[in-house]
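See structure below.
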Amino acid sequence: MTRYLHGHAAPVVSSHAARTAETSAGYLLPHLRPGQRVLDVGCGPGSITLDLAQRVAPGEAVGVDASAEVVETARAAAREAGDERTSFEVADAMALPWADDSFDVVHAHQVLQHVVDPVGLLREMARVTRPGGLVAARDADYEAMTWAPAHPGLTRWLELYRAAARGTGAEPDAGRHLLGWAHAAGLTDVTATASVWCYADDEAREWWGGQWQRRAVESGFHDEVLRQGLSDAAGIADVVEGWRAWTHSPDGWFVVVHGEVLARVSAAD
């Protein structure tokens, strides 16, 4: 793994905890069946994992993340939900602690964009997937994000984000590369799709814009931008102002574009 650009500050974790299987794994849901065993790689606070677990019950869902702190958050969410089947473990996604052919579905949401070797990660995901099972990945494409109204602070935010991500060895425009990465990983039966998150009403603007105002000053993004010398405090303040202006604009509209791949694993893969 690279240095995780977002980090695990409170606004980041709360943002990730708002994700659901419906909003973040819709392309996968029609392929889930009761009794399947699912691995959620890079599970974060576990909200998607717990949703997937409901879809495969009485099967098993397992979430893994490199952060012990966020795994504890996921375990607490499972306890609060009364879910005693789903487990969460600290693990290196590049060296998963399971034997070959252990899961029916191996899923990763917003993970490949943060690793130095996304092809290697897909190979590792395929290794622990049973023949006939599915490898599923969904990642944002930052360059493809678009918004209105225009603001120089938001333009600078995107420039800084993409530069900081590449400075850690990661690929912020991962969505467009998923199909190619899957082929490079040796996966042969691959379906590629795309979907979006769209924020265009008062509540959505307040949530999306509000959390990015905080993340610009409280998260790993802020620290990485300063560490790499990409900007200073005044530049960060311009980014915050851009997000503030967008949040309070009645015309504010923002789309996050995602690439998705579903790969059916064969015995030869």
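How things are named: the first chain in the structure tokens is A, the next is B, and so on; residues count from 1 in each chain; ligands count from 1 in the order shown.
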
*Which neighbours of Arg264 of chain A fall inside 7 Å, counting only C-alpha atoms, when residues of the same chain fewer than 3 positions from it are skipped, and could you give them as a list in words?*
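So the residues in contact are Gly132, Gly133, Leu134, Val135, Asp189 and Val190 of chain A.
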
For the residues in the current selection, export all heavy atoms as an mmCIF file, in the first residue's frame.
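Wrote selection-v7.cif, looks like this:
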data_model
loop_
_atom_site.group_PDB
_atom_site.id
_atom_site.type_symbol
_atom_site.label_atom_id
_atom_site.label_comp_id
_atom_site.auth_asym_id
_atom_site.auth_seq_id
_atom_site.Cartn_x
_atom_site.Cartn_y
_atom_site.Cartn_z
ATOM 1 N N GLY A 132 -15.222 -19.736 -10.835
ATOM 2 C CA GLY A 132 -16.637 -19.412 -10.984
ATOM 3 C C GLY A 132 -17.072 -18.231 -10.154
ATOM 4 O O GLY A 132 -18.179 -17.703 -10.337
ATOM 5 N N GLY A 133 -16.205 -17.789 -9.227
ATOM 6 C CA GLY A 133 -16.513 -16.644 -8.381
ATOM 7 C C GLY A 133 -16.194 -15.324 -9.053
ATOM 8 O O GLY A 133 -15.724 -15.274 -10.197
ATOM 9 N N LEU A 134 -16.460 -14.247 -8.320
ATOM 10 C CA LEU A 134 -16.331 -12.916 -8.889
ATOM 11 C C LEU A 134 -15.307 -12.071 -8.145
ATOM 12 O O LEU A 134 -15.286 -12.038 -6.904
ATOM 13 C CB LEU A 134 -17.672 -12.184 -8.833
ATOM 14 C CG LEU A 134 -18.742 -12.592 -9.840
ATOM 15 C CD1 LEU A 134 -20.064 -11.897 -9.503
ATOM 16 C CD2 LEU A 134 -18.313 -12.229 -11.264
ATOM 17 N N VAL A 135 -14.478 -11.354 -8.917
ATOM 18 C CA VAL A 135 -13.676 -10.249 -8.415
ATOM 19 C C VAL A 135 -14.394 -8.969 -8.837
ATOM 20 O O VAL A 135 -14.717 -8.794 -10.021
ATOM 21 C CB VAL A 135 -12.252 -10.285 -8.986
ATOM 22 C CG1 VAL A 135 -11.496 -9.002 -8.651
ATOM 23 C CG2 VAL A 135 -11.499 -11.501 -8.466
ATOM 24 N N ASP A 189 -12.563 -13.001 -18.224
ATOM 25 C CA ASP A 189 -14.013 -12.815 -18.370
ATOM 26 C C ASP A 189 -14.400 -11.572 -17.569
ATOM 27 O O ASP A 189 -14.826 -11.660 -16.420
ATOM 28 C CB ASP A 189 -14.742 -14.063 -17.859
ATOM 29 C CG ASP A 189 -16.247 -13.998 -18.072
ATOM 30 O OD1 ASP A 189 -16.733 -12.975 -18.600
ATOM 31 O OD2 ASP A 189 -16.936 -14.954 -17.688
ATOM 32 N N VAL A 190 -14.223 -10.403 -18.184
ATOM 33 C CA VAL A 190 -14.344 -9.129 -17.467
ATOM 34 C C VAL A 190 -15.425 -8.273 -18.101
ATOM 35 O O VAL A 190 -15.460 -8.090 -19.321
ATOM 36 C CB VAL A 190 -13.011 -8.346 -17.470
ATOM 37 C CG1 VAL A 190 -13.125 -7.105 -16.604
ATOM 38 C CG2 VAL A 190 -11.855 -9.227 -17.009
#

*asked:* With only C-alpha atoms as the counted atoms, please give the residues lying no more than 8 Å from Leu39 of chain A, apart from itself and same-chain residues fewer than 3 positions off, as a PyMOL selection string.
replied: chain A and resi 61-64+103+105-107

*Excluding Ala204 of chain A and residues on its chain fewer than 6 positions from it, collect all residues at most 10 Å away from it, counting only C-alpha atoms, and give them as a ChimeraX atom specification.*
/A:198,210,247,252-254

Proximity check segment 91-168 of chain A to segment 219-225 of chain A, 8 Å, nearest pairs one decimal Å, only C-alpha atoms, as JSON lines:
{"residue": "A:Leu160", "atom": "CA", "partner": "A:Val225", "partner_atom": "CA", "distance": 6.9}
{"residue": "A:Tyr161", "atom": "CA", "partner": "A:Phe221", "partner_atom": "CA", "distance": 7.2}
{"residue": "A:Ala164", "atom": "CA", "partner": "A:Val225", "partner_atom": "CA", "distance": 5.8}

Generate a file of the selected residues that holds all heavy atoms, formatted as an mmCIF file, in the first residue's frame.
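selection.cif written:
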data_model
loop_
_atom_site.group_PDB
_atom_site.id
_atom_site.type_symbol
_atom_site.label_atom_id
_atom_site.label_comp_id
_atom_site.auth_asym_id
_atom_site.auth_seq_id
_atom_site.Cartn_x
_atom_site.Cartn_y
_atom_site.Cartn_z
ATOM 1 N N LEU A 160 -4.409 19.731 -6.832
ATOM 2 C CA LEU A 160 -3.632 19.305 -5.661
ATOM 3 C C LEU A 160 -3.898 17.842 -5.333
ATOM 4 O O LEU A 160 -2.964 17.096 -4.994
ATOM 5 C CB LEU A 160 -3.970 20.178 -4.452
ATOM 6 C CG LEU A 160 -3.445 21.605 -4.486
ATOM 7 C CD1 LEU A 160 -3.992 22.397 -3.297
ATOM 8 C CD2 LEU A 160 -1.915 21.623 -4.473
ATOM 9 N N TYR A 161 -5.153 17.431 -5.407
ATOM 10 C CA TYR A 161 -5.471 16.043 -5.071
ATOM 11 C C TYR A 161 -4.747 15.090 -6.012
ATOM 12 O O TYR A 161 -4.112 14.122 -5.572
ATOM 13 C CB TYR A 161 -6.981 15.787 -5.125
ATOM 14 C CG TYR A 161 -7.298 14.388 -4.651
ATOM 15 C CD1 TYR A 161 -7.620 14.142 -3.331
ATOM 16 C CD2 TYR A 161 -7.177 13.291 -5.517
ATOM 17 C CE1 TYR A 161 -7.838 12.842 -2.875
ATOM 18 C CE2 TYR A 161 -7.393 12.004 -5.083
ATOM 19 C CZ TYR A 161 -7.720 11.787 -3.750
ATOM 20 O OH TYR A 161 -7.907 10.500 -3.317
ATOM 21 N N ALA A 164 -0.981 15.130 -5.353
ATOM 22 C CA ALA A 164 -0.629 14.483 -4.084
ATOM 23 C C ALA A 164 -0.759 12.975 -4.195
ATOM 24 O O ALA A 164 0.085 12.224 -3.694
ATOM 25 C CB ALA A 164 -1.510 15.018 -2.959
#

*asked:* Between atom CA of Ser195 of chain A and atom CA of His258 of chain A, what distance in Å does the model show, to one decimal?
replied: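 One can read the atom CA of Ser195 of chain A to atom CA of His258 of chain A distance as 5.4 Å.
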
*Please provide the set of residues having any atom within 10 Å of Val196 of chain A, restricted to only C-alpha atoms, with same-chain residues fewer than 2 positions apart removed, written as a list in words.*
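Counting only the stated atoms, we get Thr23, Ser24, Ala140, Met145, Ala194, Cys198, Tyr199, Phe254, Val255, Val256, Val257, His258 and Gly259 of chain A.
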
Could you turn the residues from that selection into a file that holds N, CA, C and O atoms, as a PDB file, in the first residue's frame?
ATOM      1  N   THR A  23     -25.422   2.432  -2.858  1.00  0.00           N
ATOM      2  CA  THR A  23     -24.794   3.602  -3.467  1.00  0.00           C
ATOM      3  C   THR A  23     -23.407   3.301  -4.016  1.00  0.00           C
ATOM      4  O   THR A  23     -22.904   4.043  -4.868  1.00  0.00           O
ATOM      5  N   SER A  24     -22.771   2.230  -3.543  1.00  0.00           N
ATOM      6  CA  SER A  24     -21.361   2.020  -3.859  1.00  0.00           C
ATOM      7  C   SER A  24     -21.044   0.673  -4.495  1.00  0.00           C
ATOM      8  O   SER A  24     -19.919   0.464  -4.936  1.00  0.00           O
ATOM      9  N   ALA A 140     -13.160   5.642  -8.215  1.00  0.00           N
ATOM     10  CA  ALA A 140     -13.420   6.953  -8.798  1.00  0.00           C
ATOM     11  C   ALA A 140     -12.369   7.291  -9.849  1.00  0.00           C
ATOM     12  O   ALA A 140     -11.275   6.727  -9.888  1.00  0.00           O
ATOM     13  N   MET A 145     -14.190  13.945 -12.744  1.00  0.00           N
ATOM     14  CA  MET A 145     -15.155  14.653 -11.903  1.00  0.00           C
ATOM     15  C   MET A 145     -15.455  16.015 -12.516  1.00  0.00           C
ATOM     16  O   MET A 145     -14.585  16.665 -13.097  1.00  0.00           O
ATOM     17  N   ALA A 194     -19.787   1.757 -15.646  1.00  0.00           N
ATOM     18  CA  ALA A 194     -19.531   3.017 -14.953  1.00  0.00           C
ATOM     19  C   ALA A 194     -20.805   3.486 -14.280  1.00  0.00           C
ATOM     20  O   ALA A 194     -21.916   3.156 -14.713  1.00  0.00           O
ATOM     21  N   CYS A 198     -24.020  11.812  -7.702  1.00  0.00           N
ATOM     22  CA  CYS A 198     -24.379  13.173  -8.084  1.00  0.00           C
ATOM     23  C   CYS A 198     -24.920  13.922  -6.871  1.00  0.00           C
ATOM     24  O   CYS A 198     -25.837  13.439  -6.199  1.00  0.00           O
ATOM     25  N   TYR A 199     -24.327  15.062  -6.597  1.00  0.00           N
ATOM     26  CA  TYR A 199     -24.731  15.905  -5.463  1.00  0.00           C
ATOM     27  C   TYR A 199     -25.306  17.196  -6.022  1.00  0.00           C
ATOM     28  O   TYR A 199     -24.575  18.020  -6.600  1.00  0.00           O
ATOM     29  N   PHE A 254     -22.389  18.512  -8.550  1.00  0.00           N
ATOM     30  CA  PHE A 254     -21.088  17.842  -8.565  1.00  0.00           C
ATOM     31  C   PHE A 254     -21.304  16.376  -8.890  1.00  0.00           C
ATOM     32  O   PHE A 254     -22.169  15.717  -8.295  1.00  0.00           O
ATOM     33  N   VAL A 255     -20.520  15.859  -9.829  1.00  0.00           N
ATOM     34  CA  VAL A 255     -20.607  14.455 -10.213  1.00  0.00           C
ATOM     35  C   VAL A 255     -19.257  13.773 -10.017  1.00  0.00           C
ATOM     36  O   VAL A 255     -18.226  14.277 -10.459  1.00  0.00           O
ATOM     37  N   VAL A 256     -19.287  12.652  -9.328  1.00  0.00           N
ATOM     38  CA  VAL A 256     -18.129  11.778  -9.164  1.00  0.00           C
ATOM     39  C   VAL A 256     -18.319  10.575 -10.077  1.00  0.00           C
ATOM     40  O   VAL A 256     -19.275   9.809  -9.915  1.00  0.00           O
ATOM     41  N   VAL A 257     -17.447  10.426 -11.046  1.00  0.00           N
ATOM     42  CA  VAL A 257     -17.516   9.319 -12.005  1.00  0.00           C
ATOM     43  C   VAL A 257     -16.722   8.130 -11.469  1.00  0.00           C
ATOM     44  O   VAL A 257     -15.608   8.283 -10.973  1.00  0.00           O
ATOM     45  N   HIS A 258     -17.309   6.935 -11.588  1.00  0.00           N
ATOM     46  CA  HIS A 258     -16.649   5.705 -11.154  1.00  0.00           C
ATOM     47  C   HIS A 258     -16.559   4.709 -12.297  1.00  0.00           C
ATOM     48  O   HIS A 258     -17.525   4.521 -13.034  1.00  0.00           O
ATOM     49  N   GLY A 259     -15.413   4.038 -12.395  1.00  0.00           N
ATOM     50  CA  GLY A 259     -15.307   2.845 -13.210  1.00  0.00           C
ATOM     51  C   GLY A 259     -15.575   1.621 -12.354  1.00  0.00           C
ATOM     52  O   GLY A 259     -15.356   1.642 -11.135  1.00  0.00           O
TER      53      GLY A 259
END

Fewer than 4 positions away in the same chain doesn't count, so skip those; otherwise give me all residues within 10 Å of Gln110 of chain A, counting only C-alpha atoms, as a short mmCIF file (atom, residue, chain, number, x, y, z; two decimals) with N, CA and C atoms, in the first residue's frame.
data_model
loop_
_atom_site.label_atom_id
_atom_site.label_comp_id
_atom_site.auth_asym_id
_atom_site.auth_seq_id
_atom_site.Cartn_x
_atom_site.Cartn_y
_atom_site.Cartn_z
N SER A 24 -22.77 2.23 -3.54
CA SER A 24 -21.36 2.02 -3.86
C SER A 24 -21.04 0.67 -4.49
N VAL A 41 -12.33 -6.08 0.61
CA VAL A 41 -10.94 -5.63 0.77
C VAL A 41 -10.92 -4.10 0.91
N GLY A 42 -10.23 -3.61 1.94
CA GLY A 42 -10.23 -2.18 2.20
C GLY A 42 -11.58 -1.72 2.70
N CYS A 43 -12.10 -2.42 3.70
CA CYS A 43 -13.50 -2.25 4.12
C CYS A 43 -13.77 -0.95 4.86
N HIS A 114 -5.46 3.64 -4.55
CA HIS A 114 -4.55 4.01 -3.47
C HIS A 114 -3.34 3.10 -3.34
N ALA A 137 -14.51 -4.62 -8.47
CA ALA A 137 -13.80 -3.41 -8.05
C ALA A 137 -14.48 -2.18 -8.63
N ARG A 138 -14.53 -1.15 -7.81
CA ARG A 138 -15.11 0.13 -8.23
C ARG A 138 -14.20 1.24 -7.71
N ASP A 139 -13.83 2.16 -8.59
CA ASP A 139 -12.95 3.26 -8.21
C ASP A 139 -13.35 4.54 -8.91
N ALA A 140 -13.16 5.64 -8.22
CA ALA A 140 -13.42 6.95 -8.80
C ALA A 140 -12.37 7.29 -9.85
N ASP A 141 -12.72 8.23 -10.70
CA ASP A 141 -11.81 8.79 -11.70
C ASP A 141 -11.80 10.30 -11.47
N PRO A 172 -4.88 8.46 -9.17
CA PRO A 172 -6.19 9.02 -8.80
C PRO A 172 -7.26 8.86 -9.88
N ALA A 174 -8.14 6.17 -11.38
CA ALA A 174 -8.17 4.72 -11.47
C ALA A 174 -9.36 4.20 -12.26
N GLY A 175 -10.50 4.87 -12.17
CA GLY A 175 -11.71 4.35 -12.79
C GLY A 175 -11.53 3.95 -14.24
N HIS A 258 -17.31 6.94 -11.59
CA HIS A 258 -16.65 5.71 -11.15
C HIS A 258 -16.56 4.71 -12.30
N GLY A 259 -15.41 4.04 -12.40
CA GLY A 259 -15.31 2.85 -13.21
C GLY A 259 -15.57 1.62 -12.35
#

_Per-residue DSSP, segment 24-219 of chain A, filtered to strand (DSSP E), as a PyMOL selection string_ = chain A and resi 37-41+60-65+87-90+103-109+129-140+146-148+189-199

*Atom-to-atom span, atom CA of Thr49 of chain A and atom CA of Thr129 of chain A, Å*: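 Rounded to one decimal, the two atoms are 16.8 Å apart.
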
*Go through A:Asp104, A:Leu96, A:Ser87, A:Pro250 and flag the residue nearest Arg33 of chain A, using only C-alpha atoms for the distances.*
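Looking at the shortest contact to Arg33 of chain A, the residue is A:Asp104.
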
*For atom CA of Ala182 of chain A and atom CA of Thr20 of chain A, the interatomic separation in Å (one decimal)*: 24.2 Å

_Nearest to Pro149 of chain A by atom-to-atom distance, counting only C-alpha atoms, from A:Gly242, A:Gly44, A:Gly120, A:Gly167_ =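 Nearest candidate to Pro149 of chain A out of A:Gly242, A:Gly44, A:Gly120, A:Gly167: A:Gly242.
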